[in-house]
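Enquirer: Questions regarding the structure given below will be posed in turn.
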Amino acid sequence: MSTPGNQNTPAIAPATPSDFIRDIVAKHVEEKKYPRIHTRFPPEPNGYLHIGHAKSICLNFGIAREFGGICNLRMDDTNPTKEDVEYVDSITEDVNWLISGWADDRLGFKPSGKTPDAVTSAGKPDFYLGHVVPKNAPGAKLEPFYASDYFDQICEFAIRLIRKGKAYVCDLSPADTDAYRGSPDRPGKDSPFRNRSVEESLDLFSRMKNGEYPDAARTLRAKIDMASPNIWMRDPVLYRIRHSEHHHTGNRWCIYPMYDFAHCLSDYIEGITHSICTLEFEVHRPLYDWILQSLDLPRPLPKQYEFAKLIPSHTIVSKRKLIQLVNDHAVTGWDDPRMPTISGMRRRGVPAATLRRFATEVGVTKFISLTDMAVFEHIIRDDLNKIALRRLAVLRPLKVVITNYPEGSTEELDAVNNPEDPNAGTRTIPFSRTLFIERDDFMETPPPKYFRLRPGGEVRLKYAYIIKCDEVVKDAGGAIAELRCTADLDSKSGGPAANRKIKGTIHWVSAPDAIDAEVRLYDRLFTAAEPDAGGDFKSSLNPHSLEVVTAKCEPSLKAAKPDLRYQFERLGYFVLDKDAQLSTGNPRLIFNRTLTLKDTWAKEARKELAR
RNA sequence: UGCCCGAUGGUGUAACGGUAGCACAGCAGACUCUGGAUCUGUUUGUCAUGGUUCAAAUCCAUGUCGGGCAGCCA
């Protein structure tokens, strides 16, 4: 047991994550292997960031903040045909949102437009691009890093490799390059251009760069080993010809470096120490090391470490398929609240801190696993329960008249804003003779253990009176139109008969005071745990992933704020959508349901049904 | 039938040669002016076979199963 005076054993230990990568970094810190820990998050701007990227962001920025380092956001933009500024903008926004208030001070920036300096390190020529953090450069225009800012240097490194006889220009067609590569269980064979002279390769490479050849006419290749058991060591392509405009470098280049060549060099140029990526790059690591070691570089080389990416259940995370959902209008866009994108989850109402908590709690291993969405949903509920302001709203209204409550009379009742947080205070809600309750909260012929309203039965109206249902009024079609009830006027919360034992408590709003709001009821996008498993992921799209209703809300919601989270009591967690119009005197409210409260009654009903 | 990586309850993760723990899910109960939250109890696990050792989830060997790699994608 800890005592208040004992600082060495705090009652609540800070949740410091630990995993095999952090263990390695910690060891390096202890050994003083690097002057400073430097990581990077390197997305390709060809799609929106999703929950899997969130894990990577939290890992890389988490390590930077835990070990006093820096983490660069770098656009890995070496393929102009797939990339777009729309994506660099969304990526920048999403990363900033996710780390805001947590690791902003660890985010590396560079002055806008800056490219690497030619410097001398340990007596050798070198390229280095320092970083800044915003507090170092007040007033300067800063931006994230771009691999495409290093094209000059990467090109220079390519020339050095040719000079060393470690790279050559190859005239093989794409199909022949494929054929010569062999297969995993069969060695490849040497390109006929492999032993061309350094001078000829130098000349050809410079002509490639000058645009003398069409796309795919030639490549620059590393000269390693066509018989290597590792496919990526079989003279991999380093540069290809692509006469395409690049979103960041315009028309300055018609040759572009491949990922393997650009990535390790970008890491080196930025002074990265730990280059953390996902498992599929494990087989590329020998090439990563080969390139850097072949160049006789004067500064410490970055090292690559791999971990298993996050695979969440009940959704998909493949960029190609996510794009398909957007293009096919299965969702309204990349930021549709049902999407597993960071922008979608943000719009859904998931706080950044909650996403971070999830990304950290799932852990970092090399074991490829399916993470149950229920874990994420539990964390969202747990966090939102602590911060959400309680409000009363009725999604599917049923009119109730309290026949013994005087016509025209009203009163203001006290209601607490958050029972989990006394500091959240209280508010008042109006009560009157006509109310709305949830249609689900009344049943004419209820099953056993139903303890809401029924004919002749009693129920507590939250913060108000106990009412008894005297009469069910139906319309011409036989549908329930309204309930006529009497209230026990002594049973008001805080009143003389307030403590009468009543099994059920339901939410309500005063009809004349209620305000309308559009409420978007979101649910999981897919019904299958692994939508990808069966082949056609669209066959498990959840047809009920969105239902839109017009809800009756308590009047205080007129002042709802976009950055606050709400719990509509007994219904779930809600957040204002960006489509809502709040500035007018008569606001148009739109709420998104982040998540339902856990509903054990639904489980009871299922059991009932099974009998 | 090449090379690389992995395997701990239903799911995810910890234990770093010394009592297999935590979370989610499940089940049972208590409490509740939210059928939420909270609280209590509880079912279920070291891939297999050998070896090293006083002692193995952990080290070694072999096997089994799963994943990755044959883009001029990243």
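To be explicit about the labels: the chains of the structure tokens are called A, B, and onward in the order shown, and within each one the residues are counted from 1, while ligands get numbers from 1 in the order they are shown.
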What's around A:Leu398 at 9 Å? Count only C-alpha atoms (C1' of nucleotides), leave out sequence neighbours fewer than 5 positions away in its own chain, and write the answer as a CSV table (one decimal) with all heavy atoms, in the first residue's frame.

Expert:
```csv
chain,number,residue,atom,x,y,z
A,435,LEU,N,-45.6,15.5,-22.9
A,435,LEU,CA,-44.2,15.1,-22.9
A,435,LEU,C,-44.0,14.1,-24.1
A,435,LEU,O,-44.9,13.6,-24.7
A,435,LEU,CB,-43.8,14.3,-21.7
A,435,LEU,CG,-44.2,14.8,-20.3
A,435,LEU,CD1,-43.9,13.7,-19.3
A,435,LEU,CD2,-43.4,16.1,-20.0
A,436,PHE,N,-42.7,13.9,-24.5
A,436,PHE,CA,-42.4,12.8,-25.4
A,436,PHE,C,-41.5,11.8,-24.6
A,436,PHE,O,-40.7,12.2,-23.8
A,436,PHE,CB,-41.5,13.3,-26.5
A,436,PHE,CG,-42.3,14.2,-27.5
A,436,PHE,CD1,-41.9,15.5,-27.7
A,436,PHE,CD2,-43.4,13.7,-28.2
A,436,PHE,CE1,-42.6,16.3,-28.6
A,436,PHE,CE2,-44.1,14.5,-29.1
A,436,PHE,CZ,-43.7,15.9,-29.3
A,437,ILE,N,-41.9,10.5,-24.8
A,437,ILE,CA,-41.0,9.5,-24.3
A,437,ILE,C,-40.6,8.6,-25.5
A,437,ILE,O,-41.1,8.7,-26.6
A,437,ILE,CB,-41.6,8.6,-23.2
A,437,ILE,CG1,-42.8,7.8,-23.8
A,437,ILE,CG2,-42.1,9.4,-22.0
A,437,ILE,CD1,-43.3,6.6,-22.9
A,438,GLU,N,-39.6,7.7,-25.3
A,438,GLU,CA,-39.2,6.8,-26.3
A,438,GLU,C,-40.2,5.8,-26.6
A,438,GLU,O,-40.8,5.2,-25.7
A,438,GLU,CB,-37.9,6.2,-25.8
A,438,GLU,CG,-36.9,5.8,-26.9
A,438,GLU,CD,-36.3,6.9,-27.6
A,438,GLU,OE1,-35.6,7.8,-27.0
A,438,GLU,OE2,-36.5,7.0,-28.9
A,439,ARG,N,-40.5,5.6,-27.9
A,439,ARG,CA,-41.5,4.5,-28.2
A,439,ARG,C,-41.2,3.2,-27.6
A,439,ARG,O,-42.0,2.4,-27.2
A,439,ARG,CB,-41.7,4.4,-29.8
A,439,ARG,CG,-42.4,5.6,-30.4
A,439,ARG,CD,-42.9,5.2,-31.8
A,439,ARG,NE,-44.4,4.9,-31.7
A,439,ARG,CZ,-45.4,5.8,-31.8
A,439,ARG,NH1,-45.1,7.1,-32.0
A,439,ARG,NH2,-46.6,5.4,-31.6
A,440,ASP,N,-39.9,2.9,-27.6
A,440,ASP,CA,-39.4,1.6,-27.1
A,440,ASP,C,-39.7,1.5,-25.6
A,440,ASP,O,-39.6,0.4,-25.1
A,440,ASP,CB,-37.9,1.5,-27.3
A,440,ASP,CG,-37.5,1.2,-28.7
A,440,ASP,OD1,-38.4,0.9,-29.5
A,440,ASP,OD2,-36.3,1.1,-28.9
A,442,PHE,N,-42.4,1.9,-24.0
A,442,PHE,CA,-43.7,1.5,-23.7
A,442,PHE,C,-44.0,0.2,-24.6
A,442,PHE,O,-43.7,0.1,-25.7
A,442,PHE,CB,-44.7,2.6,-24.1
A,442,PHE,CG,-46.2,2.1,-23.9
A,442,PHE,CD1,-46.7,2.0,-22.7
A,442,PHE,CD2,-46.9,1.6,-25.0
A,442,PHE,CE1,-48.0,1.6,-22.5
A,442,PHE,CE2,-48.2,1.2,-24.9
A,442,PHE,CZ,-48.8,1.1,-23.6
A,480,ILE,N,-50.3,3.1,-31.9
A,480,ILE,CA,-50.3,3.9,-30.7
A,480,ILE,C,-50.0,5.3,-31.0
A,480,ILE,O,-49.0,5.7,-31.5
A,480,ILE,CB,-49.3,3.3,-29.7
A,480,ILE,CG1,-49.7,1.9,-29.3
A,480,ILE,CG2,-49.3,4.2,-28.4
A,480,ILE,CD1,-48.6,1.1,-28.6
A,481,ALA,N,-51.0,6.2,-30.6
A,481,ALA,CA,-50.8,7.7,-31.0
A,481,ALA,C,-50.4,8.4,-29.7
A,481,ALA,O,-49.6,9.4,-29.8
A,481,ALA,CB,-52.1,8.2,-31.5
A,482,GLU,N,-50.9,8.1,-28.6
A,482,GLU,CA,-50.5,8.8,-27.4
A,482,GLU,C,-50.9,8.0,-26.1
A,482,GLU,O,-51.7,7.1,-26.2
A,482,GLU,CB,-51.1,10.2,-27.4
A,482,GLU,CG,-52.3,10.4,-26.5
A,482,GLU,CD,-52.9,11.8,-26.5
A,482,GLU,OE1,-52.8,12.5,-27.5
A,482,GLU,OE2,-53.5,12.2,-25.5
A,483,LEU,N,-50.2,8.3,-25.1
A,483,LEU,CA,-50.5,7.7,-23.8
A,483,LEU,C,-51.1,8.7,-22.8
A,483,LEU,O,-50.6,9.9,-22.8
A,483,LEU,CB,-49.2,7.2,-23.2
A,483,LEU,CG,-48.7,5.7,-23.4
A,483,LEU,CD1,-49.3,5.0,-24.6
A,483,LEU,CD2,-47.2,5.6,-23.3
```

Enquirer: Using DSSP on the backbone coordinates, identify all residues within stretch 292-424 of chain A classified as strand (DSSP E or B); present the result as number ranges by chain.

Expert: A: 303-307, 311-312, 341, 370-371, 389-391, 393-394, 397-402, 411-416

Enquirer: Those same residues, written as a short mmCIF file (atom, residue, chain, number, x, y, z; two decimals), in the first residue's frame with N, CA, C and O atoms?

Expert:
```cif
data_model
loop_
_atom_site.label_atom_id
_atom_site.label_comp_id
_atom_site.auth_asym_id
_atom_site.auth_seq_id
_atom_site.Cartn_x
_atom_site.Cartn_y
_atom_site.Cartn_z
N LYS A 303 18.74 2.34 -38.57
CA LYS A 303 18.44 0.91 -38.63
C LYS A 303 16.92 0.72 -38.71
O LYS A 303 16.16 1.47 -38.09
N GLN A 304 16.55 -0.30 -39.44
CA GLN A 304 15.13 -0.57 -39.62
C GLN A 304 14.63 -1.64 -38.63
O GLN A 304 15.31 -2.65 -38.41
N TYR A 305 13.45 -1.40 -38.06
CA TYR A 305 12.83 -2.36 -37.14
C TYR A 305 11.38 -2.55 -37.59
O TYR A 305 10.73 -1.59 -37.99
N GLU A 306 10.91 -3.79 -37.49
CA GLU A 306 9.57 -4.08 -38.01
C GLU A 306 8.62 -4.59 -36.92
O GLU A 306 9.04 -5.33 -36.04
N PHE A 307 7.36 -4.18 -37.03
CA PHE A 307 6.34 -4.68 -36.10
C PHE A 307 5.09 -5.06 -36.89
O PHE A 307 4.94 -4.66 -38.05
N ILE A 311 -4.65 -4.91 -37.25
CA ILE A 311 -5.75 -5.34 -38.10
C ILE A 311 -7.01 -5.35 -37.24
O ILE A 311 -7.17 -6.22 -36.40
N PRO A 312 -7.88 -4.36 -37.41
CA PRO A 312 -9.09 -4.30 -36.59
C PRO A 312 -10.20 -5.17 -37.20
O PRO A 312 -10.30 -5.28 -38.42
N THR A 341 -11.01 5.61 -41.03
CA THR A 341 -10.01 6.65 -41.21
C THR A 341 -9.93 7.52 -39.96
O THR A 341 -10.89 7.63 -39.20
N LEU A 370 -5.69 -10.32 -35.19
CA LEU A 370 -6.94 -9.61 -35.45
C LEU A 370 -7.37 -8.99 -34.13
O LEU A 370 -7.59 -9.71 -33.16
N THR A 371 -7.48 -7.67 -34.09
CA THR A 371 -7.87 -7.02 -32.84
C THR A 371 -9.38 -6.76 -32.85
O THR A 371 -9.90 -6.08 -33.73
N LEU A 389 -21.28 15.08 -21.31
CA LEU A 389 -22.34 15.78 -20.60
C LEU A 389 -23.65 15.04 -20.84
O LEU A 389 -24.00 14.75 -21.97
N ARG A 390 -24.37 14.74 -19.76
CA ARG A 390 -25.64 14.03 -19.90
C ARG A 390 -26.74 14.97 -20.34
O ARG A 390 -26.86 16.08 -19.82
N ARG A 391 -27.52 14.50 -21.31
CA ARG A 391 -28.66 15.28 -21.78
C ARG A 391 -29.81 14.33 -22.04
O ARG A 391 -29.60 13.12 -22.23
N ALA A 393 -32.80 13.27 -24.56
CA ALA A 393 -33.27 13.39 -25.95
C ALA A 393 -34.06 12.13 -26.27
O ALA A 393 -33.75 11.05 -25.77
N VAL A 394 -35.08 12.33 -27.09
CA VAL A 394 -35.94 11.21 -27.46
C VAL A 394 -35.82 10.99 -28.97
O VAL A 394 -36.12 11.88 -29.76
N PRO A 397 -40.17 9.64 -30.83
CA PRO A 397 -41.06 10.19 -29.81
C PRO A 397 -42.45 9.53 -29.77
O PRO A 397 -43.02 9.20 -30.81
N LEU A 398 -42.95 9.36 -28.56
CA LEU A 398 -44.33 8.94 -28.31
C LEU A 398 -44.91 9.96 -27.33
O LEU A 398 -44.33 10.21 -26.27
N LYS A 399 -46.04 10.55 -27.73
CA LYS A 399 -46.63 11.63 -26.92
C LYS A 399 -47.27 11.06 -25.65
O LYS A 399 -47.94 10.02 -25.69
N VAL A 400 -47.04 11.74 -24.55
CA VAL A 400 -47.62 11.36 -23.27
C VAL A 400 -48.28 12.58 -22.66
O VAL A 400 -47.68 13.65 -22.61
N VAL A 401 -49.55 12.44 -22.24
CA VAL A 401 -50.23 13.54 -21.55
C VAL A 401 -50.40 13.16 -20.09
O VAL A 401 -50.92 12.09 -19.77
N ILE A 402 -49.92 14.04 -19.21
CA ILE A 402 -50.08 13.80 -17.76
C ILE A 402 -51.39 14.46 -17.35
O ILE A 402 -51.46 15.67 -17.15
N GLU A 411 -42.61 23.66 -14.76
CA GLU A 411 -41.62 23.85 -13.70
C GLU A 411 -40.25 23.47 -14.23
O GLU A 411 -40.12 22.78 -15.22
N GLU A 412 -39.22 23.97 -13.57
CA GLU A 412 -37.84 23.68 -13.96
C GLU A 412 -37.27 22.67 -12.98
O GLU A 412 -37.27 22.90 -11.77
N LEU A 413 -36.77 21.57 -13.50
CA LEU A 413 -36.24 20.52 -12.64
C LEU A 413 -34.72 20.50 -12.72
O LEU A 413 -34.13 20.74 -13.78
N ASP A 414 -34.08 20.16 -11.59
CA ASP A 414 -32.62 20.09 -11.57
C ASP A 414 -32.12 18.77 -12.15
O ASP A 414 -32.68 17.71 -11.87
N ALA A 415 -31.07 18.87 -12.94
CA ALA A 415 -30.49 17.66 -13.52
C ALA A 415 -28.96 17.77 -13.47
O ALA A 415 -28.41 18.84 -13.72
N VAL A 416 -28.29 16.66 -13.15
CA VAL A 416 -26.83 16.73 -13.07
C VAL A 416 -26.24 16.52 -14.47
O VAL A 416 -26.75 15.76 -15.27
#
```

Enquirer: Might you pull out every residue within 7 Å of A:Glu547, with only C-alpha atoms (C1' of nucleotides) counted and same-chain residues fewer than 5 positions away left off, and present them as a list in words?

Expert: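 Counting only C-alpha atoms (C1' of nucleotides), the residues come to Arg520, Leu521 and Tyr522 of chain A.
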
Enquirer: Would you mind exporting N, CA and C atoms of the selected residues as a CSV table (one decimal), in the first residue's frame?

Expert:
```csv
chain,number,residue,atom,x,y,z
A,520,ARG,N,-27.9,11.2,-36.5
A,520,ARG,CA,-27.4,10.1,-37.4
A,520,ARG,C,-26.9,9.0,-36.5
A,521,LEU,N,-27.7,7.9,-36.6
A,521,LEU,CA,-27.4,6.7,-35.8
A,521,LEU,C,-26.4,5.8,-36.6
A,522,TYR,N,-25.1,5.9,-36.2
A,522,TYR,CA,-24.2,5.0,-36.9
A,522,TYR,C,-23.9,3.7,-36.2
```

Enquirer: Could you list the residues in chain B lying within 9 Å of chain A, using only C-alpha atoms (C1' of nucleotides), and format the result as a PyMOL selection string?

Expert: chain B and resi 1-7+11-13+23-25+33-37+67-70+72-74

Enquirer: Mind giving me the straight-line distance from atom CA of A:Lys538 to atom CA of A:Arg348 in Å, one decimal?

Expert: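 Result for atom CA of A:Lys538 versus atom CA of A:Arg348: 21.5 Å, one decimal.
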
Enquirer: Set the distance at 12 Å and use only C-alpha atoms (C1' of nucleotides): which residues neighbour B:U40 once local chain neighbours fewer than 2 positions away are removed? I'd like the list as number ranges by chain.

Expert: B: 28-31, 38, 42

Enquirer: One decimal, in Å: what's the spacing between atom CA of A:Asn418 and atom CA of A:Leu392?

Expert: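 Atom-to-atom, atom CA of A:Asn418 to atom CA of A:Leu392, that is 12.2 Å.
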
Enquirer: Which neighbours of A:Val326 fall inside 10 Å, counting only C-alpha atoms (C1' of nucleotides), when residues of the same chain fewer than 5 positions from it are skipped, and could you give them as number ranges by chain?

Expert: A: 321, 331-336, 339
